[in-house]
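Peer 1: I am attaching a structure below and will ask some questions about it afterwards.
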Amino acid sequence: MKRRFSDLHCHNHMRAHFHMQEKAKKFKRKGEFSPWTVIASNSKNKEKGKMGASYSQIDLVKCWNGNLRLTFNSLYPLEREFVKGMDPKIKEDKWYNFAARGILGHSGLKRDLLQTAFMRIPDKVIDFFQSEEYDYWEALNKEKDFVLLDSGKRIAQNEIHVPSALFGDEKEAAKRAKEDPNSYVAENASYRVPKDRAELLRSLADDSEITMILTIEGAHALGRESCKSVQDASDRIKFIKEMWEAPVFFITFSHHFDNQFCGHAHSIPDMGKILMKQGQHTNTGFRRNGHRIVREFLGLNLRGARDPGLGYRILIDVKHMAAKSRVEYYQLVNECLEKGDRVPVIASHCGYSGIESLAEHIRCEKEEKDDYCDKKSGKFNAWNINMCDEDIEMIVKTRGMFGISFDQRILGITKKDLKDPESKRNGILLIWENIEAIVLSAYENPRLNEAQKPEIWKSLTLGTDFEGLIDPVNAYPTALEYGKFAEDLVEVIDQARKNPAAKHLVHINSREDAEKLVDDFCYNNAEAFVIENYPV
């Protein structure tokens, strides 16, 4: 049987939605307004291993042809800071101020051109994101409607749209389909967003459709500016739980900028300040009312007990949550555990930081410059956006999930690596270094008992962050390379198990065992997790 794949965090519809949302009437008239429509890519940038902005990484066609059969598709209203520019303080950022003025200009026109060229988002859409009319809550609901548009339907073949085609869109589309059918053509294809657990089980058992789980990236999606009070945010959580056609499985609570509820981890490299600034609440703890909103997502009352009146549980993903905020969140999780209520901790698209504790992450926040790595091995990106040993302990204790990002910077690739022609890290070695270090973290943790330690293997899966504007690991730039990745992972595990000192691999006695482990990592772990925790 062909190996199946899952992805704990990706954006299957993002390019299509960004491109078509402000020209819906035009695309509906052409019969192209669908999550299945492929927006033509810049294949040269893909071949060069460039950032996944100008080419598609995980649209539904690539999902279908890459045999992705379980996808956790993240809804994400683009944060305004990505397109509105910055106003740096002279004392704090004088050199960035100088560079920003030169690159972006005073009028913002250069910025529009840069965003349009870099993100491949039409200028009309950039204008909308910059306008006062753009509201995160409205955008979230609009995006949800787009994703559900073709759920449960079977298409004979998808459409292809070629932006700015010189000789006609249809001719260019046919050319792309002929030259690269795996990237552009899906036939007799279907995806389904399950409305409940019964439909989830039926969909997972049907290999002729993709099971799509809805998630949200960023609590700003509740409407950062349009929420006039915490009650407004609370009402919108209730609306999602009671009025949406399908449940949200988890929310990546923080993202790159202030959500008014809790601190976000430093995530943008230093030169990114030319385009945007993460704000004063970077690397901070929970803010006023943040605990209430987290509890309401989890369906917990003020005493931290399950309350049926608060609806089904939407799990919390701690990726992007600052270390200080994770300390506070884990206090709530541990209190629930003591009451017999297990709240699985999810880190959906992360790498290993090489850091022992959240306290150490907090102490070292000011060291988070580009290429800041852990001092012990020098291999891992030690920013507090990544998971430390304490995070891994919480994931194991709560039977949560750790999704391995395919973002080369998150996994620990440095400028030195990129400049070294002899370096072979930017491939399967990079991903295996992170997987093995996470496993070793659990096995070497004295606070986990001998029965708990091997459970880490059941908590690991793919969480690529494809279509999240990442620089992917060079060998695996899109979902079409899942198969190659799996075979490479089997090979590296099969070699690693032969080391007699590798006690964490002692249960892998043959290549067949390595194959089974990779099957679990690529699909089975995520399937078991969603079955166990999906709302009824």
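Scheme for the structure tokens: letters A, B, ... for chains in order shown; per-chain residue numbers from 1; ligand numbers from 1 in order shown.
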Leaving out Ala246 in chain A and any residue of its chain fewer than 4 positions from it, which residues lie within 10 Å of it when counting only C-alpha atoms, given as a PyMOL selection string?

Peer 2: chain A and resi 144+148+193-196+213-214+240-242+535

Peer 1: What does the structure give for the distance between CA of Asn141 in chain A and CA of Arg236 in chain A, in Å to one decimal?

Peer 2: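 Separating CA of Asn141 in chain A from CA of Arg236 in chain A is a distance of 10.7 Å.
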
Peer 1: So, with only C-alpha atoms as the atoms that count, which of A:Leu302, A:Val318, A:Ile362, A:Leu411 lies closest to Ile470 in chain A?

Peer 2: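 Smallest distance to Ile470 in chain A is found for A:Leu411.
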
Peer 1: Counting only C-alpha atoms, which of A:Ile392, A:Met243, A:Leu200, A:Val492 gets nearest to Leu448 in chain A?

Peer 2: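 With only C-alpha atoms as the atom set, the closest residue is A:Ile392.
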
Peer 1: For the interface of range 157-251 of chain A with range 335-354 of chain A (cut-off 12 Å, counting only C-alpha atoms), please tabulate each contacting residue of range 157-251 of chain A alongside its nearest pair of atoms and their separation in Å to one decimal, rows sorted by chain and increasing number, as a Markdown table.

Peer 2:
```
| residue | atom | partner | partner_atom | distance |
| --- | --- | --- | --- | --- |
| A:Thr215 | CA | A:Ser348 | CA | 10.5 |
| A:Ile216 | CA | A:Ser348 | CA | 11.4 |
| A:Glu217 | CA | A:Ser348 | CA | 10.4 |
| A:Phe249 | CA | A:Ile346 | CA | 10.9 |
| A:Phe250 | CA | A:Ile346 | CA | 8.4 |
| A:Ile251 | CA | A:Ile346 | CA | 9.5 |
```

Peer 1: Hey, can you spit out that residue selection with C-alpha atoms as a PDB file, in the first residue's frame?

Peer 2:
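Written output follows (part_22.pdb):
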```pdb
ATOM      1  CA  THR A 215      -7.374  24.875  12.786  1.00  0.00           C
ATOM      2  CA  ILE A 216      -6.751  28.603  13.301  1.00  0.00           C
ATOM      3  CA  GLU A 217      -3.420  30.417  13.450  1.00  0.00           C
ATOM      4  CA  PHE A 249      -9.613  21.271  16.352  1.00  0.00           C
ATOM      5  CA  PHE A 250      -6.967  23.606  17.754  1.00  0.00           C
ATOM      6  CA  ILE A 251      -5.852  27.221  17.667  1.00  0.00           C
TER       7      ILE A 251
END
```

Peer 1: List as a short mmCIF file (atom, residue, chain, number, x, y, z; two decimals) with N, CA, C and O atoms, in the first residue's frame the protein and nucleic acid residues near Arg154 in chain A, meaning an atom at most 12 Å away when only C-alpha atoms are counted, but skip any in the same chain fewer than 6 places from it.

Peer 2:
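File written: around-v5.cif
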```cif
data_model
loop_
_atom_site.label_atom_id
_atom_site.label_comp_id
_atom_site.auth_asym_id
_atom_site.auth_seq_id
_atom_site.Cartn_x
_atom_site.Cartn_y
_atom_site.Cartn_z
N TRP A 36 -9.53 24.16 -4.87
CA TRP A 36 -8.78 23.25 -5.74
C TRP A 36 -7.97 24.00 -6.81
O TRP A 36 -7.05 23.43 -7.39
N ALA A 186 -5.09 17.38 -10.61
CA ALA A 186 -5.69 16.35 -9.75
C ALA A 186 -6.99 15.90 -10.43
O ALA A 186 -7.79 16.74 -10.85
N GLU A 187 -7.19 14.60 -10.52
CA GLU A 187 -8.38 14.06 -11.17
C GLU A 187 -9.17 13.17 -10.21
O GLU A 187 -8.59 12.47 -9.39
N ASN A 188 -10.49 13.24 -10.31
CA ASN A 188 -11.38 12.43 -9.48
C ASN A 188 -11.00 12.58 -8.00
O ASN A 188 -10.84 11.60 -7.27
N ALA A 189 -10.85 13.80 -7.57
CA ALA A 189 -10.30 14.10 -6.25
C ALA A 189 -11.35 14.70 -5.33
O ALA A 189 -12.32 15.32 -5.78
N SER A 190 -11.14 14.53 -4.02
CA SER A 190 -12.10 15.03 -3.05
C SER A 190 -11.42 15.30 -1.71
O SER A 190 -10.44 14.63 -1.36
N TYR A 191 -11.94 16.28 -0.98
CA TYR A 191 -11.54 16.48 0.42
C TYR A 191 -12.81 16.66 1.24
O TYR A 191 -13.87 17.03 0.72
N ARG A 192 -12.71 16.38 2.53
CA ARG A 192 -13.88 16.51 3.41
C ARG A 192 -13.45 17.10 4.75
O ARG A 192 -12.48 16.63 5.36
N SER A 208 -10.05 7.56 -0.79
CA SER A 208 -10.32 8.32 -2.01
C SER A 208 -10.65 9.78 -1.72
O SER A 208 -11.08 10.51 -2.61
N GLU A 209 -10.44 10.20 -0.46
CA GLU A 209 -10.62 11.61 -0.15
C GLU A 209 -9.60 12.05 0.91
O GLU A 209 -9.10 11.24 1.68
N ILE A 210 -9.31 13.34 0.90
CA ILE A 210 -8.44 13.94 1.90
C ILE A 210 -9.31 14.34 3.10
O ILE A 210 -10.34 14.99 2.93
#
```

Peer 1: Residues within 8 Å of Arg497 in chain A, please, as number ranges by chain. Count only C-alpha atoms; anything in the same chain fewer than 6 positions from it doesn't count.

Peer 2: A: 505-506, 508-509

Peer 1: Would you save the residues from that selection as a short mmCIF file (atom, residue, chain, number, x, y, z; two decimals), in the first residue's frame, using N, CA and C atoms?

Peer 2:
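out_24.cif, freshly written:
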```
data_model
loop_
_atom_site.label_atom_id
_atom_site.label_comp_id
_atom_site.auth_asym_id
_atom_site.auth_seq_id
_atom_site.Cartn_x
_atom_site.Cartn_y
_atom_site.Cartn_z
N LEU A 505 16.97 3.88 20.59
CA LEU A 505 16.61 3.18 19.34
C LEU A 505 16.63 1.67 19.51
N VAL A 506 16.70 1.21 20.75
CA VAL A 506 16.89 -0.23 21.01
C VAL A 506 15.69 -1.06 20.55
N ILE A 508 14.19 -0.72 17.78
CA ILE A 508 14.20 -0.82 16.31
C ILE A 508 15.22 -1.90 15.94
N ASN A 509 14.73 -3.08 15.63
CA ASN A 509 15.60 -4.23 15.41
C ASN A 509 15.87 -4.56 13.94
#
```
